[in-house]
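**Q** Provided herewith: upload_26.cif, mmCIF, C-alpha atoms.
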data_query
loop_
_atom_site.label_atom_id
_atom_site.label_comp_id
_atom_site.auth_asym_id
_atom_site.auth_seq_id
_atom_site.Cartn_x
_atom_site.Cartn_y
_atom_site.Cartn_z
CA MET T 5 -61.27 132.35 -35.90
CA GLU T 6 -60.68 128.98 -37.49
CA ASN T 7 -59.95 126.38 -34.82
CA GLY T 8 -59.71 123.25 -36.98
CA VAL T 9 -62.51 121.39 -35.21
CA ARG T 10 -65.32 119.92 -37.28
CA ARG T 11 -68.04 117.34 -36.73
CA TRP T 12 -70.15 116.64 -39.82
CA LEU T 13 -72.74 113.98 -40.56
CA VAL T 14 -74.51 113.05 -43.77
CA ASN T 15 -77.61 110.89 -43.98
CA ILE T 16 -77.16 108.99 -47.20
CA SER T 17 -80.58 107.38 -47.12
CA GLN T 18 -81.88 110.80 -48.09
CA TRP T 19 -79.61 111.04 -51.10
CA ASN T 20 -80.69 109.15 -54.17
CA PRO T 21 -78.65 110.21 -57.16
CA SER T 22 -79.21 108.91 -60.67
CA GLU T 23 -76.45 106.81 -62.21
CA LEU T 24 -75.37 109.80 -64.23
CA GLN T 25 -75.27 112.16 -61.27
CA PHE T 26 -73.30 109.61 -59.30
CA ALA T 27 -70.81 109.03 -62.11
CA SER T 28 -70.22 112.73 -62.58
CA LEU T 29 -69.50 113.14 -58.87
CA VAL T 30 -67.09 110.23 -58.90
CA SER T 31 -65.20 111.88 -61.75
CA LEU T 32 -64.37 114.87 -59.51
CA PHE T 33 -61.99 112.73 -57.47
CA PRO T 34 -58.45 111.48 -58.18
CA LEU T 35 -58.05 108.23 -60.07
CA ASP T 36 -57.21 106.10 -57.03
CA ASP T 37 -60.35 107.25 -55.26
CA ARG T 38 -62.45 106.59 -58.33
CA ARG T 39 -61.10 103.07 -58.59
CA VAL T 40 -61.86 102.32 -54.97
CA ILE T 41 -65.37 103.74 -55.12
CA THR T 42 -66.37 101.86 -58.24
CA ARG T 43 -64.98 98.56 -57.01
CA TYR T 44 -67.57 98.30 -54.27
CA LEU T 45 -70.08 95.67 -55.20
CA ARG T 46 -73.16 97.26 -53.68
CA PHE T 47 -74.39 100.71 -54.60
CA ASP T 48 -74.96 101.66 -50.96
CA ASP T 49 -71.30 100.94 -50.26
CA ARG T 50 -70.33 103.08 -53.26
CA LYS T 51 -72.50 105.89 -51.95
CA ARG T 52 -70.83 105.66 -48.55
CA ALA T 53 -67.36 105.60 -50.12
CA LEU T 54 -68.12 108.63 -52.26
CA VAL T 55 -69.66 110.66 -49.47
CA SER T 56 -66.74 109.75 -47.21
CA ARG T 57 -64.35 111.29 -49.73
CA LEU T 58 -66.63 114.24 -50.33
CA LEU T 59 -66.50 114.96 -46.61
CA GLN T 60 -62.73 114.60 -46.44
CA TYR T 61 -61.96 116.92 -49.33
CA SER T 62 -64.64 119.42 -48.32
CA LEU T 63 -63.38 119.57 -44.78
CA VAL T 64 -59.71 120.00 -45.68
CA HIS T 65 -60.63 122.67 -48.20
CA GLU T 66 -62.80 124.56 -45.76
CA VAL T 67 -60.53 124.34 -42.72
CA LEU T 68 -57.13 124.77 -44.35
CA GLY T 69 -58.08 126.63 -47.51
CA ILE T 70 -56.15 124.25 -49.76
CA PRO T 71 -57.48 124.21 -53.34
CA ILE T 72 -59.29 120.97 -54.11
CA ASP T 73 -56.91 119.87 -56.82
CA LYS T 74 -53.94 120.34 -54.49
CA ILE T 75 -55.34 118.13 -51.76
CA ILE T 76 -53.58 114.79 -51.46
CA ILE T 77 -55.05 112.33 -49.05
CA ARG T 78 -53.09 109.17 -48.43
CA ARG T 79 -53.68 106.17 -46.20
CA THR T 80 -51.45 104.58 -43.62
CA VAL T 81 -50.64 100.89 -43.89
CA GLU T 82 -53.62 100.14 -41.66
CA GLY T 83 -55.87 102.30 -43.80
CA LYS T 84 -56.23 105.55 -41.85
CA PRO T 85 -56.54 108.52 -44.20
CA TYR T 86 -54.29 111.51 -43.62
CA LEU T 87 -53.43 114.70 -45.39
CA ASN T 88 -50.19 114.58 -47.30
CA SER T 89 -48.86 118.08 -47.52
CA ASN T 90 -45.74 120.19 -47.39
CA THR T 91 -47.66 123.19 -46.11
CA ILE T 92 -47.00 124.30 -42.59
CA PHE T 93 -50.38 124.23 -40.97
CA PRO T 94 -51.50 126.67 -38.33
CA PHE T 95 -52.43 123.53 -36.39
CA PRO T 96 -49.76 121.37 -34.78
CA ASN T 97 -51.34 118.00 -35.42
CA PHE T 98 -54.30 118.47 -37.73
CA ASN T 99 -55.96 115.14 -38.39
CA PHE T 100 -59.38 113.79 -39.21
CA ASN T 101 -61.27 110.52 -39.27
CA VAL T 102 -64.30 109.28 -41.16
CA SER T 103 -66.74 106.53 -40.42
CA HIS T 104 -69.79 105.11 -42.10
CA HIS T 105 -72.34 102.52 -41.24
CA GLY T 106 -75.98 102.18 -42.13
CA ASP T 107 -77.51 105.48 -43.13
CA TYR T 108 -74.76 107.77 -41.95
CA VAL T 109 -71.33 108.92 -42.99
CA GLY T 110 -69.47 111.20 -40.63
CA ILE T 111 -66.22 113.07 -40.27
CA ALA T 112 -64.45 114.59 -37.30
CA SER T 113 -61.34 116.79 -37.33
CA GLU T 114 -59.08 118.10 -34.60
CA PRO T 115 -56.17 120.55 -34.63
CA LEU T 116 -54.11 118.90 -31.88
CA CYS T 117 -55.66 115.74 -30.45
CA LEU T 118 -55.66 112.50 -32.39
CA VAL T 119 -59.25 111.91 -33.37
CA GLY T 120 -61.15 108.75 -34.14
CA LEU T 121 -64.80 108.45 -35.12
CA ASP T 122 -67.03 105.42 -35.25
CA ILE T 123 -70.64 105.16 -36.35
CA VAL T 124 -72.59 102.02 -35.66
CA SER T 125 -75.87 101.02 -37.20
CA ILE T 126 -77.65 98.83 -34.68
CA THR T 127 -78.95 95.72 -36.38
CA ILE T 128 -80.92 93.07 -34.56
CA PRO T 129 -79.41 89.69 -35.38
CA GLU T 130 -81.90 87.47 -37.14
CA GLN T 131 -80.33 84.05 -37.11
CA THR T 132 -79.18 84.02 -33.50
CA THR T 133 -80.23 85.34 -30.13
CA ASP T 134 -78.70 88.59 -28.91
CA LEU T 135 -76.43 86.80 -26.43
CA GLU T 136 -75.27 84.31 -29.05
CA PHE T 137 -74.48 87.21 -31.33
CA ILE T 138 -72.63 89.21 -28.67
CA ASN T 139 -70.78 86.06 -27.68
CA ASN T 140 -69.06 86.07 -31.07
CA PHE T 141 -67.31 89.22 -29.91
CA SER T 142 -66.62 88.11 -26.36
CA SER T 143 -62.88 87.89 -26.90
CA TYR T 144 -62.85 91.62 -27.65
CA LEU T 145 -64.63 92.54 -24.40
CA THR T 146 -63.26 92.54 -20.89
CA ALA T 147 -64.94 90.53 -18.15
CA LEU T 148 -66.42 93.68 -16.63
CA GLU T 149 -67.86 94.87 -19.94
CA TRP T 150 -69.33 91.46 -20.65
CA GLU T 151 -70.88 91.44 -17.19
CA ASN T 152 -72.40 94.90 -17.73
CA ILE T 153 -73.86 93.79 -21.03
CA THR T 154 -75.48 90.65 -19.66
CA VAL T 155 -77.23 92.53 -16.86
CA ALA T 156 -78.37 95.39 -19.06
CA GLY T 157 -81.96 94.21 -19.18
CA THR T 158 -83.95 93.27 -22.22
CA SER T 159 -82.54 91.83 -25.39
CA GLU T 160 -82.58 95.28 -27.04
CA GLU T 161 -80.84 96.87 -24.07
CA ARG T 162 -78.12 94.22 -24.06
CA LEU T 163 -77.51 94.71 -27.75
CA ALA T 164 -77.38 98.47 -27.34
CA GLU T 165 -74.90 98.08 -24.47
CA PHE T 166 -72.69 95.84 -26.59
CA TYR T 167 -72.77 98.29 -29.50
CA ARG T 168 -71.81 101.15 -27.20
CA TYR T 169 -68.69 99.34 -26.07
CA TRP T 170 -67.88 98.28 -29.62
CA CYS T 171 -68.36 101.80 -30.95
CA LEU T 172 -65.99 103.26 -28.32
CA LYS T 173 -63.34 100.65 -28.94
CA GLU T 174 -63.49 101.23 -32.65
CA ALA T 175 -63.23 104.99 -32.24
CA PHE T 176 -60.09 104.49 -30.16
CA VAL T 177 -58.31 102.16 -32.57
CA LYS T 178 -59.27 104.38 -35.46
CA ALA T 179 -57.81 107.40 -33.68
CA ILE T 180 -54.48 105.65 -33.25
CA GLY T 181 -54.68 104.18 -36.74
CA ALA T 182 -54.55 100.54 -35.67
CA GLY T 183 -56.83 97.74 -36.79
CA LEU T 184 -58.60 94.84 -35.13
CA SER T 185 -55.21 93.32 -34.37
CA TYR T 186 -54.68 96.00 -31.68
CA GLY T 187 -56.43 93.80 -29.19
CA LEU T 188 -59.72 95.46 -28.31
CA GLN T 189 -59.89 93.41 -25.11
CA ARG T 190 -57.00 95.50 -23.78
CA LEU T 191 -59.43 98.41 -23.54
CA GLU T 192 -61.95 98.72 -20.75
CA PHE T 193 -64.40 101.59 -20.75
CA HIS T 194 -65.66 103.15 -17.55
CA HIS T 195 -68.45 105.69 -17.42
CA THR T 196 -71.24 107.34 -15.48
CA ASN T 197 -74.41 106.72 -17.48
CA TRP T 198 -72.26 106.82 -20.59
CA THR T 199 -70.85 110.26 -19.82
CA ASN T 200 -67.43 110.98 -18.32
CA ILE T 201 -66.21 108.06 -20.33
CA SER T 202 -62.65 106.99 -19.73
CA VAL T 203 -60.54 104.13 -20.94
CA TYR T 204 -58.30 101.74 -19.05
CA ILE T 205 -55.59 100.37 -21.28
CA ASP T 206 -54.09 97.10 -20.03
CA GLY T 207 -55.67 97.82 -16.67
CA VAL T 208 -54.30 101.34 -16.29
CA GLU T 209 -56.53 104.42 -16.56
CA SER T 210 -55.46 106.76 -19.29
CA ARG T 211 -55.62 110.51 -18.69
CA ASP T 212 -54.78 111.18 -22.31
CA TRP T 213 -58.06 110.08 -23.82
CA LYS T 214 -61.56 111.52 -23.81
CA PHE T 215 -64.63 110.00 -25.40
CA SER T 216 -68.09 111.07 -26.36
CA LEU T 217 -70.91 108.72 -27.19
CA SER T 218 -74.22 109.82 -28.62
CA LYS T 219 -77.31 108.54 -30.34
CA ILE T 220 -77.76 109.83 -33.86
CA ASP T 221 -81.22 108.35 -34.13
CA GLU T 222 -83.08 105.26 -32.91
CA SER T 223 -80.79 102.87 -34.72
CA HIS T 224 -77.46 104.67 -34.97
CA LEU T 225 -74.80 105.47 -32.42
CA MET T 226 -71.57 107.35 -32.76
CA SER T 227 -68.47 107.83 -30.73
CA VAL T 228 -65.60 110.28 -30.93
CA ALA T 229 -62.26 109.48 -29.34
CA ARG T 230 -59.74 112.25 -28.75
CA GLY T 231 -56.23 111.57 -27.59
CA LEU T 232 -53.60 114.04 -26.46
CA PRO T 233 -50.38 113.51 -28.35
CA HIS T 234 -47.41 112.98 -26.01
CA LYS T 235 -45.80 116.30 -26.80
CA ALA T 236 -48.91 118.07 -25.54
CA HIS T 237 -47.80 117.50 -21.97
CA GLU T 238 -44.74 119.61 -22.58
CA GLN T 239 -46.71 122.36 -24.25
CA CYS T 240 -49.56 124.15 -22.60
CA CYS T 241 -52.27 121.94 -24.00
CA SER T 242 -52.67 119.16 -21.48
CA ASP T 243 -55.62 120.90 -19.94
CA TRP T 244 -58.76 119.35 -21.37
CA SER T 245 -60.84 122.36 -20.40
CA ILE T 246 -59.32 124.32 -23.28
CA LEU T 247 -60.17 121.50 -25.68
CA PRO T 248 -63.95 121.37 -25.53
CA ASP T 249 -65.88 118.99 -27.70
CA ILE T 250 -68.58 120.18 -30.08
CA GLY T 251 -71.76 118.62 -31.43
CA PHE T 252 -72.32 117.30 -34.93
CA THR T 253 -73.79 119.27 -37.83
CA LEU T 254 -75.91 117.53 -40.40
CA ARG T 255 -74.80 118.36 -43.91
CA THR T 256 -76.27 117.26 -47.20
CA VAL T 257 -74.42 116.03 -50.27
CA GLU T 258 -75.75 119.04 -52.18
CA GLN T 259 -74.12 121.39 -49.67
CA LEU T 260 -70.77 119.63 -50.00
CA ILE T 261 -70.57 119.36 -53.77
CA PRO T 262 -69.84 123.04 -54.49
CA ASN T 263 -66.68 122.78 -52.34
CA VAL T 264 -65.17 120.04 -54.46
CA SER T 265 -66.41 121.30 -57.79
CA GLN T 266 -64.26 124.41 -57.61
CA LYS T 267 -60.97 124.28 -59.37
CA ALA T 268 -58.11 126.57 -58.41
CA MET Z 26 -35.13 81.22 -46.68
CA ALA Z 27 -37.49 78.44 -47.52
CA SER Z 28 -37.42 75.81 -44.84
CA ILE Z 29 -38.68 72.35 -45.41
CA THR Z 30 -40.96 70.88 -42.83
CA GLY Z 31 -42.38 67.44 -42.52
CA THR Z 32 -40.55 64.66 -44.24
CA ALA Z 33 -36.79 64.42 -44.43
CA VAL Z 34 -34.96 66.26 -47.12
CA GLN Z 35 -33.11 64.20 -49.64
CA VAL Z 36 -30.27 65.83 -51.36
CA SER Z 37 -30.05 64.75 -54.90
CA PHE Z 38 -27.31 66.01 -57.14
CA ARG Z 39 -28.23 63.67 -59.90
CA LEU Z 40 -31.40 65.38 -60.96
CA PRO Z 41 -30.94 66.86 -64.40
CA ARG Z 42 -31.03 70.66 -64.52
CA GLN Z 43 -34.17 70.66 -66.62
CA SER Z 44 -36.21 69.06 -63.87
CA LEU Z 45 -35.47 71.98 -61.59
CA GLN Z 46 -37.45 74.07 -63.96
CA VAL Z 47 -40.48 71.85 -63.72
CA SER Z 48 -43.40 73.90 -62.63
CA ASN Z 49 -46.34 72.26 -60.99
CA GLY Z 50 -47.77 75.53 -59.87
CA PHE Z 51 -46.10 75.00 -56.54
CA SER Z 52 -44.06 77.56 -54.70
CA GLY Z 53 -41.18 75.12 -54.96
CA LEU Z 54 -39.85 77.24 -57.82
CA LYS Z 55 -38.84 79.94 -55.40
CA SER Z 56 -36.96 77.50 -53.24
CA VAL Z 57 -35.22 76.11 -56.28
CA THR Z 58 -33.33 79.36 -56.61
CA PHE Z 59 -32.12 79.07 -53.04
CA SER Z 60 -31.18 75.46 -53.40
CA ARG Z 61 -28.90 76.12 -56.33
CA GLN Z 62 -26.73 78.07 -53.97
CA ARG Z 63 -27.11 75.90 -50.95
CA LYS Z 64 -27.08 72.52 -52.58
CA SER Z 65 -29.85 71.23 -50.39
CA PHE Z 66 -32.95 70.36 -52.22
CA SER Z 67 -35.88 68.10 -51.84
CA SER Z 68 -36.33 65.76 -54.72
CA ILE Z 69 -39.42 66.14 -56.84
CA GLN Z 70 -41.18 63.29 -55.04
CA LEU Z 71 -40.99 65.12 -51.75
CA GLN Z 72 -42.62 68.27 -52.99
CA ARG Z 73 -45.86 67.12 -51.43
CA ALA Z 74 -44.48 68.00 -48.02
CA PRO Z 75 -45.71 71.43 -46.99
CA MET Z 76 -43.05 74.02 -47.49
CA ARG Z 77 -42.91 77.32 -45.71
CA SER Z 78 -42.36 80.09 -48.15
CA GLN Z 79 -43.88 83.42 -48.84
CA ILE Z 80 -46.26 82.07 -51.41
CA SER Z 81 -48.68 79.47 -50.10
CA CYS Z 82 -50.39 77.01 -52.38
CA ALA Z 83 -53.70 78.03 -53.83
CA ALA Z 84 -56.58 76.48 -51.93
CA LYS Z 85 -58.73 73.73 -53.35
CA PRO Z 86 -61.84 74.80 -55.22
CA GLU Z 87 -64.11 73.21 -52.60
CA THR Z 88 -62.51 75.33 -49.87
CA LEU Z 89 -62.90 78.47 -51.92
CA ASP Z 90 -66.57 77.62 -52.55
CA LYS Z 91 -67.25 77.14 -48.87
CA VAL Z 92 -65.48 80.39 -48.06
CA CYS Z 93 -67.55 82.26 -50.65
CA GLY Z 94 -70.69 80.73 -49.18
CA ILE Z 95 -69.87 81.87 -45.65
CA VAL Z 96 -68.98 85.35 -46.86
CA LYS Z 97 -72.14 85.72 -48.94
CA LYS Z 98 -74.27 84.62 -46.04
CA GLN Z 99 -72.67 87.02 -43.55
CA LEU Z 100 -72.85 89.95 -45.93
CA ALA Z 101 -76.37 89.05 -47.04
CA LEU Z 102 -75.37 88.82 -50.68
CA SER Z 103 -77.69 86.90 -52.96
CA GLU Z 104 -76.59 83.47 -54.13
CA ASP Z 105 -76.04 84.63 -57.67
CA THR Z 106 -73.78 87.53 -56.60
CA SER Z 107 -70.38 87.09 -58.14
CA VAL Z 108 -67.85 86.51 -55.37
CA THR Z 109 -64.52 85.19 -56.58
CA GLY Z 110 -61.11 84.58 -55.08
CA LYS Z 111 -60.08 88.03 -56.22
CA SER Z 112 -62.89 89.83 -54.41
CA THR Z 113 -61.61 91.82 -51.49
CA PHE Z 114 -63.58 91.86 -48.26
CA ALA Z 115 -63.52 95.63 -48.40
CA GLU Z 116 -65.23 95.90 -51.75
CA LEU Z 117 -67.83 93.35 -50.69
CA GLY Z 118 -68.77 95.82 -47.96
CA ALA Z 119 -67.48 93.96 -44.90
CA ASP Z 120 -66.99 96.16 -41.85
CA SER Z 121 -65.20 95.24 -38.62
CA LEU Z 122 -68.27 93.53 -37.15
CA ASP Z 123 -68.70 91.48 -40.32
CA THR Z 124 -65.03 90.57 -40.30
CA VAL Z 125 -65.21 89.11 -36.80
CA GLU Z 126 -68.30 87.10 -37.69
CA ILE Z 127 -66.88 85.87 -40.95
CA VAL Z 128 -63.74 84.64 -39.23
CA MET Z 129 -65.89 82.88 -36.62
CA GLY Z 130 -67.81 81.30 -39.47
CA PHE Z 131 -64.55 79.96 -40.89
CA GLU Z 132 -63.48 78.64 -37.49
CA GLU Z 133 -66.76 76.78 -37.05
CA GLU Z 134 -66.99 75.44 -40.56
CA PHE Z 135 -63.41 74.21 -40.76
CA GLY Z 136 -62.74 73.42 -37.12
CA ILE Z 137 -59.74 75.72 -36.92
CA SER Z 138 -58.57 78.61 -34.80
CA VAL Z 139 -57.50 81.79 -36.55
CA GLU Z 140 -54.95 84.04 -34.85
CA GLU Z 141 -55.63 87.77 -35.06
CA ASP Z 142 -52.15 88.31 -36.50
CA SER Z 143 -52.85 86.12 -39.52
CA ALA Z 144 -56.38 87.41 -39.95
CA GLN Z 145 -55.25 90.98 -40.41
CA HIS Z 146 -53.34 90.11 -43.58
CA ILE Z 147 -56.37 88.73 -45.33
CA GLN Z 148 -57.43 91.06 -48.12
CA THR Z 149 -59.13 88.81 -50.63
CA VAL Z 150 -61.40 85.81 -50.45
CA GLN Z 151 -58.53 83.78 -51.91
CA ASP Z 152 -56.25 84.87 -49.05
CA ALA Z 153 -58.85 83.58 -46.61
CA ALA Z 154 -59.20 80.25 -48.39
CA ASP Z 155 -55.43 79.81 -48.54
CA LEU Z 156 -55.03 80.58 -44.84
CA ILE Z 157 -57.82 78.18 -43.96
CA GLU Z 158 -56.28 75.34 -45.91
CA ASP Z 159 -52.95 76.04 -44.30
CA LEU Z 160 -54.53 75.83 -40.85
CA VAL Z 161 -56.51 72.70 -41.71
CA GLU Z 162 -53.33 70.99 -42.96
CA LYS Z 163 -51.42 71.93 -39.82
CA LYS Z 164 -54.26 70.64 -37.72
CA CYS Z 165 -54.26 67.32 -39.58
CA ALA Z 166 -50.50 67.09 -39.38
CA ALA Z 167 -50.49 67.64 -35.63
#
If you took the structure in this file and wrote it as structure tokens, what would it be?
**A**
Amino acid sequence: MENGVRRWLVNISQWNPSELQFASLVSLFPLDDRRVITRYLRFDDRKRALVSRLLQYSLVHEVLGIPIDKIIIRRTVEGKPYLNSNTIFPFPNFNFNVSHHGDYVGIASEPLCLVGLDIVSITIPEQTTDLEFINNFSSYLTALEWENITVAGTSEERLAEFYRYWCLKEAFVKAIGAGLSYGLQRLEFHHTNWTNISVYIDGVESRDWKFSLSKIDESHLMSVARGLPHKAHEQCCSDWSILPDIGFTLRTVEQLIPNVSQKA
Amino acid sequence: MASITGTAVQVSFRLPRQSLQVSNGFSGLKSVTFSRQRKSFSSIQLQRAPMRSQISCAAKPETLDKVCGIVKKQLALSEDTSVTGKSTFAELGADSLDTVEIVMGFEEEFGISVEEDSAQHIQTVQDAADLIEDLVEKKCAA
């Protein structure tokens, strides 16, 4: 039975379309999307933008059965995409989130919880030391997080620790649809070896949020944030044990194209 | 409502109507509409004083150049890549990590401090240059 939960990943470094193939894929999307995709300066950014939309439309089509040409995806003021529809969904709060960085583009959907996804491509800073680099972001970290980063060990370990915190914070703000102006330093992440991850917001532990953090490969991390909407407390769904998380499935662009090529 | 900061406002009723239409590319035109109703108006000579309105002055070319330089460096774009005032940070491929670093680059280069609230409204390179000039002017005026 369809439960509305998806976790898909695409490795775009393995997709190398010709200009013609790329252009014909772009033409499958609405005008606004086409404009946005083609405005990106670098081809890699265009690829990411296209695959992001491919994932969104594919997912909505597969989960909700809406014909491709009836799918309208809008963005909030802060830029979070959402499905604009008059249909009554079987799911009370269906929402999804995409992320891309480096070689990967991913999407996560949830039927009830607010979901946020962040993918981080770990790059070693060239011009500065790791601590100088991380220091640029110090105002977005709490004192405890900063402390944990500095004692993490080698330069690579410190960087990885920083990126883990950053990835989690981003997943959270993306779930709630806010931007950098949210104040990432208000969030403090606690964990046991990066499992059982919880967030303290303004110093208070939140029971409404769960996080997962995993390594995609040696240089990519990803985090999924799931938040219970307030109404969930009144309904039956405040028990996290009935809202298990699932792992990611690797999809290829070729697998996704047939979904969006169909016309009603 | 456009408020006039800095030097004192001189009300001048003797300015001919035509001069109110003078455009020097300054946002003063917007305030002219207000002043017709309110009869308080800075004379042309005072238009150098910074005025708060919704449209800020366009930044100097040198500022824009420096901004483009910082952005290109952070995003590892080659020197001959075309980055103009109209380029948006999004289309240049800046993600949240890049954004933080770019803003730090501005703060270091121009000796200013950028509030997160103002940073979130920056869409284009021109927006960034305009904000920077605004902050530099305020700093010099302080």
**Q** Select residues of chain T: the criterion is any atom within 12 Å of an atom of chain Z, counting only C-alpha atoms; output as a PyMOL selection string.
**A** chain T and resi 39-53+81-83+103-106+122-127+129-131+136-144+166-167+170-171+173-175+177-178+182-188
**Q** As a check of understanding, name the residues that the PyMOL selection byres ((chain Z and resi 160) around 10) selects in the supplied structure, as a ChimeraX atom specification.
**A** /Z:132,135-139,154-159,161-166
**Q** Counting all atoms listed in the file, note down every residue that has an atom within 12 Å of the point (-72.7, 109.4, -58.7) (file coordinates), as a ChimeraX atom specification.
**A** /T:19-33,38,41-42,47-48,50-55,58,257,261
**Q** Would you compute the distance between atom CA of Z:Lys91 and atom CA of Z:Thr149? Give it in Å to one decimal.
**A**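 Taking atom CA of Z:Lys91 and atom CA of Z:Thr149, their separation equals 14.3 Å.
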**Q** Go through T:Ile77, T:Ile16, T:Leu260, T:Val64 one by one, measure the shortest atom-to-atom distance of each to T:Phe93 using all atoms listed in the file, and give the residue with the smallest value.
**A**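 Residue with the minimum atom-to-atom distance to T:Phe93: T:Val64.
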**Q** Rank T:Thr256, T:Asn15, T:Asn152, T:Thr133 by their smallest atom-to-atom distance to T:His195, using all atoms listed in the file, and report the top residue only.
**A**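 Once distances to T:His195 are computed over all atoms listed in the file, the minimum belongs to T:Asn152.
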**Q** My list of candidates is T:His234, T:Arg162, T:His65, T:Lys84. Which is closest to T:Gly120 when distances are computed with all atoms listed in the file?
**A**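 Of all the options, T:Lys84 lies closest to T:Gly120.
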**Q** Take atom CA of T:Thr132 and atom CA of T:Asn197 and report the distance between them in Å, one decimal.
**A**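 Computing it gives 28.2 Å between the two atoms.
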**Q** Mind giving me the straight-line distance from atom CA of Z:Ser103 to atom CA of Z:Ile147 in Å, one decimal?
**A**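 Distance between the two atoms: 22.7 Å.
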**Q** With distances taken over only C-alpha atoms, which residue among T:Leu254, T:Pro248, T:Leu148, T:Val67 lies nearest T:Glu6?
**A**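 Closest to T:Glu6 of all the choices is T:Val67.
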**Q** Take the PyMOL selection byres ((chain T and resi 113-115) around 7), run it mentally on this structure, and tell me the resulting residues as a short mmCIF file (atom, residue, chain, number, x, y, z; two decimals) with C-alpha atoms, in the frame of the given file.
**A**
data_model
loop_
_atom_site.label_atom_id
_atom_site.label_comp_id
_atom_site.auth_asym_id
_atom_site.auth_seq_id
_atom_site.Cartn_x
_atom_site.Cartn_y
_atom_site.Cartn_z
CA ASN T 7 -59.95 126.38 -34.82
CA GLY T 8 -59.71 123.25 -36.98
CA VAL T 9 -62.51 121.39 -35.21
CA ARG T 10 -65.32 119.92 -37.28
CA ARG T 11 -68.04 117.34 -36.73
CA PHE T 95 -52.43 123.53 -36.39
CA PRO T 96 -49.76 121.37 -34.78
CA ASN T 97 -51.34 118.00 -35.42
CA PHE T 98 -54.30 118.47 -37.73
CA ASN T 99 -55.96 115.14 -38.39
CA PHE T 100 -59.38 113.79 -39.21
CA ASN T 101 -61.27 110.52 -39.27
CA ILE T 111 -66.22 113.07 -40.27
CA ALA T 112 -64.45 114.59 -37.30
CA LEU T 116 -54.11 118.90 -31.88
CA CYS T 117 -55.66 115.74 -30.45
CA LEU T 118 -55.66 112.50 -32.39
CA VAL T 119 -59.25 111.91 -33.37
#
**Q** Spell out the residues picked by the PyMOL selection byres ((chain Z and resi 89) around 9) here, as a PyMOL selection string.
**A** chain Z and resi 84-88+90-94+109-110+150-151+153-155
**Q** Can you pull out every residue within 10 Å of T:His194, counting all atoms listed in the file, but drop anything in the same chain fewer than 6 positions away, and send it as a compact mmCIF listing (two decimals) with C-alpha atoms, in the coordinates of the input?
**A**
# COMPACT_ATOMS: atom_id res chain seq x y z
CA LEU T 148 -66.42 93.68 -16.63
CA GLU T 149 -67.86 94.87 -19.94
CA TYR T 169 -68.69 99.34 -26.07
CA ASN T 200 -67.43 110.98 -18.32
CA ILE T 201 -66.21 108.06 -20.33
CA SER T 202 -62.65 106.99 -19.73
CA VAL T 203 -60.54 104.13 -20.94
CA TYR T 204 -58.30 101.74 -19.05
CA GLU T 209 -56.53 104.42 -16.56
